There are 2 protein chains.
Amino acid sequence: MSERIEVESDSHSYPVLLENGLRYSFYHLLEDILPDHTKLMIIADETAASYYLEDLLASFPDSAKPVVTILPSGETSKSMVQYERLLTECLQEGLDRKSVIAALGGGVAGDIAGFTAATYMRGIRYVQIPTTLLAHDSSVGGKTGINHPLGKNMIGAFHAPSAVLYDPEMLISLPEKEWRSGFAEVIKHAFISSPEFFVWLQNHVHKLSSVDPSTLEKMLKKSIETKVAVVQEDEREAGVRAHLNFGHTLGHAIEAELGYGKTTHGEAVAVGMIFAMRLSEKFYGIKLPIEETVKYLEKLGYYLKLQKQVNAEKLLFIMKRDKKASGGSMRFVLLPELGRAELVDIREEMVLDLLEEEELT
Amino acid sequence: MSERIEVESDSHSYPVLLENGLRYSFYHLLEDILPDHTKLMIIADETAASYYLEDLLASFPDSAKPVVTILPSGETSKSMVQYERLLTECLQEGLDRKSVIAALGGGVAGDIAGFTAATYMRGIRYVQIPTTLLAHDSSVGGKTGINHPLGKNMIGAFHAPSAVLYDPEMLISLPEKEWRSGFAEVIKHAFISSPEFFVWLQNHVHKLSSVDPSTLEKMLKKSIETKVAVVQEDEREAGVRAHLNFGHTLGHAIEAELGYGKTTHGEAVAVGMIFAMRLSEKFYGIKLPIEETVKYLEKLGYYLKLQKQVNAEKLLFIMKRDKKASGGSMRFVLLPELGRAELVDIREEMVLDLLEEEELT
Ligand SMILES: NC(=O)c1ccc[n+]([C@@H]2O[C@H](COP(=O)([O-])OP(=O)(O)OC[C@H]3O[C@@H](n4cnc5c(N)ncnc54)[C@H](O)[C@@H]3O)[C@@H](O)[C@H]2O)c1
Ligand SMILES: NC(=O)c1ccc[n+]([C@@H]2O[C@H](COP(=O)([O-])OP(=O)(O)OC[C@H]3O[C@@H](n4cnc5c(N)ncnc54)[C@H](O)[C@@H]3O)[C@@H](O)[C@H]2O)c1
C-alpha cells in the first residue's frame, strides 16, 4: 500500500508519501522529486540513524553518496550550538543554493534541519524523513525552529519541505512512550476535526506499540490529512492554525513547570486536552465524552494525573505569559462540539477555578 | 520635499519614505504604518545612535518609549554572537508576535536586525531606518542575514521590511569613505538600468560628501527605484535579481582576499565594475565608456588599483568557488550595452587572461 497527499504551501506544493519500505528507495524518490539538486546532506537523529541510516544509504549509487551528519538524540539538540555546527558543516561540505538537506528522525531532527535549511544561504530545500509517530505531525506544515534557554521554539522560520517521505515501518523500533507522545496528536486531530475518526480510533487502536500495519497507515493518513487541511488554510498561523494548539496551552505549561523531558509532550498534551474539554463543557454548557476519553487514554497507558503535581496558580501564570488576551482574559482553543475547534477569550477565574478543582480530585 | 515609493513583496507591500527630518516624526509614522503593533525594539548601530537616537526617541510620548539595544559598529557585529544576544533581549523584553523591530544604522544593523526579526518567533515585522548611503540599497528588498567565519552573508533569510524610513539628513555625519562605499551601488544601478542616470550623476555629483540635499534626494530616489524594479520582478533571486551582482563577483573576491575591512565594499565593487565592463567589451565585442568611468570614479576619490595587489590565479579561484557554471565556465553579470545587464557563462581563460593583464598594467 502507498498513499500520496499533496500539500499546497505559500511558495510551492509538496507530496507527503506514506509507504512501508520507502526508505529503501530514498535515492530514487529524491531524484524524482528534486531532479535538479546538487549535494545532499542527511541530518540524522542518532537513534534513528542506528536503525535506518544504512537502509537509506544503500539506495544510493556509489557515485552519489550523500554527506551525513549525526544529531545527538533528545530535545537538547534543538539548540543554538547544534544549529551553528550544522551551518558550519554545510559550508565545509560545500552545499550550494541547489543543495538539499534531508532530516532523518523525529520532530527534533526535523525542526532543526528545517531551520538550518531555511537559513542556509537564505534558504535551501529540504525533505523530511520522519521516524517517530509524532513526526507525522511535525514534518508537515513548514514550522521549523530551535529552542532558546528562555523558551521552546522561540527561534525559527516558516519553511515548507519539498517532500515528506514517511516509512511507517520505521516506527517498529519506537519505545512505547514515544508512541504515546505521538498518538496524543492523532487524537487531537480527531477531536478538532472528526468525531467519526475518534470512534474509529477507539475501535481499532487498542495497544499502541502493536498497531497492525494497515491500521497504522489508515490512522496516519487520516491524521495527516487533518493537519494538511488546517495548514493549507492558514500556513502562517494567522487564524485556524491556532486550533492545532488544542490541549497545548495547559500541556506546555505542565511541561515547562515539570521541566522538559520529565514528562513526554504527548502525556502533557493528553492532560491538556482533557482539561480543555472540561473547560469547553463549562464555557458552552455542553456535554463532551470526557469520561470515555479518559478511560481510553488510560487503557493506552497515559498517566493523566500529572496536573495534581503542579500548583494551579503557577500553571495559570505560565499560561497567561503566552496566551493573555485583553483585560483579565486568556485565549484558549475549546470545542463547541466534538470535531470542531474555536479560539475563545475566557476569563482567568474560570480557568483557575477548574485548575484548582483538578488539583483536589 | 518628500518621496514615497511603494514596494510589492511576495507577502505584503511596503513604503519607502524619503524625507529630510523624517526621524523627528518616527513615532507617528510607525503608528500610522503599523497601528496594531505591540512593543517596539530599536536595534541601533553605535555610531548612528550617537548622532540620531535622541532625535528618534524624542518623537515618542513618555508612555510609549521603545526598548533600545546598541550594536557595536562594524561588519564584525553581523555575527552569531550578536544574533543570539539580540534574540535573548527580545525574549527578556517580552517581545511578542505583534512586536516590531526597528533597525537604525547602515547595512550591518539592517541585515542583522532583519534576520533577528525574520527568525524571532518564526518571524515578526521590522522597519528599516537607514543611516548610510549604502543602506539605500541594503534596506530595500528583504535580504537579511549575518556572516559565518567561512563566508559573508551565508546565514540569512528573505524577510521584507514593513517600511523603509529614510532621512537623508542623517548622511551628513557620514565619513567620506562611507559615501564612496554607497555611491558604488548608485553607479551600479545606473549601469544596469539607465545610461541617462549615469550622465546625470556625472553632471550633478562632483564631490561625494557635499552633495546638495535636492541632488541627494533625486539620486536616492532614482537609485532606489532601480533596485525596487529589480526585486519586485524577482524577490528570491531566481533570475534578474542576480543583475544586482554587477561588479560584485570580482569585488567580493578582492574583499575576501585582502581581508574584510581592509578595503571598503564600494571600492572593491568599483574595481569589479570596471573589470566587468572590460570583460563585456571582450565578450560582446563592443565599446563601453570605461575610461570616462575610471576618470569619474578617480575624481570622486576611488582608488582603483587594488587589483594589482592581488594574484590573478587566487582571485579566479575565489570567484570560481561562488560562481562556477558547468565545465570550464563561470557565471558573470555583463553589460551587452550600457544600461542593460545579462547573466552569462564565460570561459575561465577569458577571465584569467584579463585578470593577468590588469595585474601588469
Ligand atoms: N514543527 C512542528 O510543526 C512541530 C509540531 C509538533 C512538535 N514539534 C517538535 O517536535 C519535537 C518532538 O518530536 P519527537 O517526539 O519526534 O521527538 P524526537 O525527535 O526527540 O524523538 C523522540 C525520541 O525517539 C527517538 N527515535 C526517533 N526515531 C526513532 C525510531 N524510529 N526508533 C526508535 N527511536 C527513535 C529519538 O532519538 C528520541 O529519543 C519537539 O521538539 C517539538 O517542539 C514540532
Ligand atoms: N541586505 C542587502 O540587500 C545588502 C545589500 C548590500 C550590502 N549589504 C550589507 O550591508 C553591509 C554594509 O553596509 P554599510 O556600508 O551601511 O555598513 P555599516 O552598517 O557598517 O556602516 C558603515 C559605517 O558607518 C557608520 N555609520 C552608520 N551611519 C552613520 C552615520 N549616519 N554617520 C556616521 N557614521 C555612520 C557605521 O557605524 C559603520 O562604521 C554589509 O554587511 C553588506 O553585506 C546588504
# chains A, B, ... in the order shown; residues from 1 in each chain; ligands from 1
>>> residues_around(residues="range 150-165 of chain A", least_positions_apart="3", cutoff="9 Å", atoms="only C-alpha atoms", output="VMD selection string")
(chain A and resid 9 to 19 22 to 23 26 29 to 30 33 to 34 78 111 to 112 114 to 115 117 to 119 123 125 to 130 136 139 to 147 235 to 236 256) or (chain B and resid 87 to 88 91 to 92 116 118 to 123 157)
>>> closest_atom_pairs(of="chain A", to="ligand 1", cutoff="6 Å", atoms="only C-alpha atoms and all ligand atoms", output="CSV")
residue,atom,partner,partner_atom_place_in_ligand_line,distance
A:Asp45,CA,ligand 1,37 (O),5.7
A:Thr47,CA,ligand 1,37 (O),4.4
A:Ala48,CA,ligand 1,28 (N),4.4
A:Ser73,CA,ligand 1,37 (O),4.2
A:Gly74,CA,ligand 1,20 (O),4.5
A:Glu75,CA,ligand 1,20 (O),5.3
A:Gly105,CA,ligand 1,28 (N),4.9
A:Gly106,CA,ligand 1,19 (O),3.2
A:Gly107,CA,ligand 1,13 (O),3.2
A:Val108,CA,ligand 1,19 (O),3.8
A:Ala109,CA,ligand 1,19 (O),5.6
A:Asp111,CA,ligand 1,1 (N),5.4
A:Thr131,CA,ligand 1,28 (N),4.4
A:Thr132,CA,ligand 1,28 (N),4.7
A:Leu134,CA,ligand 1,16 (O),4.9
A:Ala135,CA,ligand 1,16 (O),5.0
A:Asp137,CA,ligand 1,5 (C),5.7
A:Ser138,CA,ligand 1,4 (C),3.5
A:Lys143,CA,ligand 1,1 (N),4.3
A:Thr144,CA,ligand 1,1 (N),5.1
A:Met170,CA,ligand 1,31 (N),4.9
A:Leu171,CA,ligand 1,31 (N),4.8
A:Ser173,CA,ligand 1,32 (N),4.1
A:Leu174,CA,ligand 1,33 (C),3.8
>>> residues_around(residues="range 272-283 of chain B", least_positions_apart="2", cutoff="7 Å", atoms="only C-alpha atoms", output="list of chain:residue names")
B:Phe246, B:Gly247, B:His248, B:Thr249, B:Leu250, B:Gly251, B:Ala268, B:Val269, B:Ala270, B:Gly285, B:Ile286, B:Lys287, B:Leu288, B:Ile290, B:Leu334, B:Leu335, B:Pro336
>>> closest_residue(among="A:Leu133, A:Ile318, A:Met350, A:Cys90", to="chain B", atoms="only C-alpha atoms")
A:Cys90
>>> residues_around(residues="Leu258 in chain B", least_positions_apart="4", cutoff="12 Å", atoms="only C-alpha atoms", output="list in words")
Gly251, His252, Ala253, Ile254, Lys262, Thr263, Thr264, His265, Ala268, Leu306, Gln307, Lys308, Gln309, Val310, Asn311, Lys314, Leu315 and Ile318 of chain B
>>> atom_distance(atom1="CA of Lys177 in chain B", atom2="atom 23 (C, counted along the ligand's line) of ligand 2")
8.9 Å
>>> select_by_dssp(residues="range 98-264 of chain A", states="alpha helix (DSSP H)", output="number ranges by chain")
A: 107-119, 135-138, 176-193, 195-204, 213-233, 248-258
>>> closest_residue(among="A:Ser79, A:Thr69, A:Ser193, A:Ser63", to="chain B", atoms="only C-alpha atoms")
A:Ser79
>>> closest_residue(among="B:Arg340, B:His148, B:Lys188, B:Lys222", to="chain A", atoms="only C-alpha atoms")
B:His148
>>> residues_around(residues="Asp345 in chain A", least_positions_apart="3", cutoff="6 Å", atoms="only C-alpha atoms", output="list in words")
Ser329, Met330 and Arg331 of chain A
>>> closest_residue(among="B:Asn20, B:Glu176, B:Glu358, B:Ser99", to="Asp36 in chain B", atoms="only C-alpha atoms")
B:Ser99
>>> select_by_dssp(residues="range 138-339 of chain A", states="strand (DSSP E)", output="list of chain:residue names")
A:Lys143, A:Thr144, A:Gly145, A:Ile146, A:Asn147, A:His148, A:Gly151, A:Lys152, A:Asn153, A:Met154, A:Ile155, A:Gly156, A:Ala157, A:Phe158, A:Ala163, A:Val164, A:Leu165, A:Tyr166, A:Ser329, A:Met330, A:Arg331, A:Phe332, A:Val333, A:Leu334, A:Leu335, A:Pro336, A:Glu337
>>> residues_around(residues="Glu217 in chain A", least_positions_apart="2", cutoff="10 Å", atoms="only C-alpha atoms", output="VMD selection string")
chain A and resid 1 to 3 18 to 20 167 to 169 211 to 215 219 to 223
>>> closest_residue(among="A:Arg85, A:Arg347, A:Lys207, A:Lys227", to="chain B", atoms="only C-alpha atoms")
A:Arg85
>>> residues_around(residues="Ser210 in chain B", least_positions_apart="6", cutoff="10 Å", atoms="only C-alpha atoms", output="list of chain:residue names")
B:Ile172, B:Glu176, B:Trp179, B:Leu216
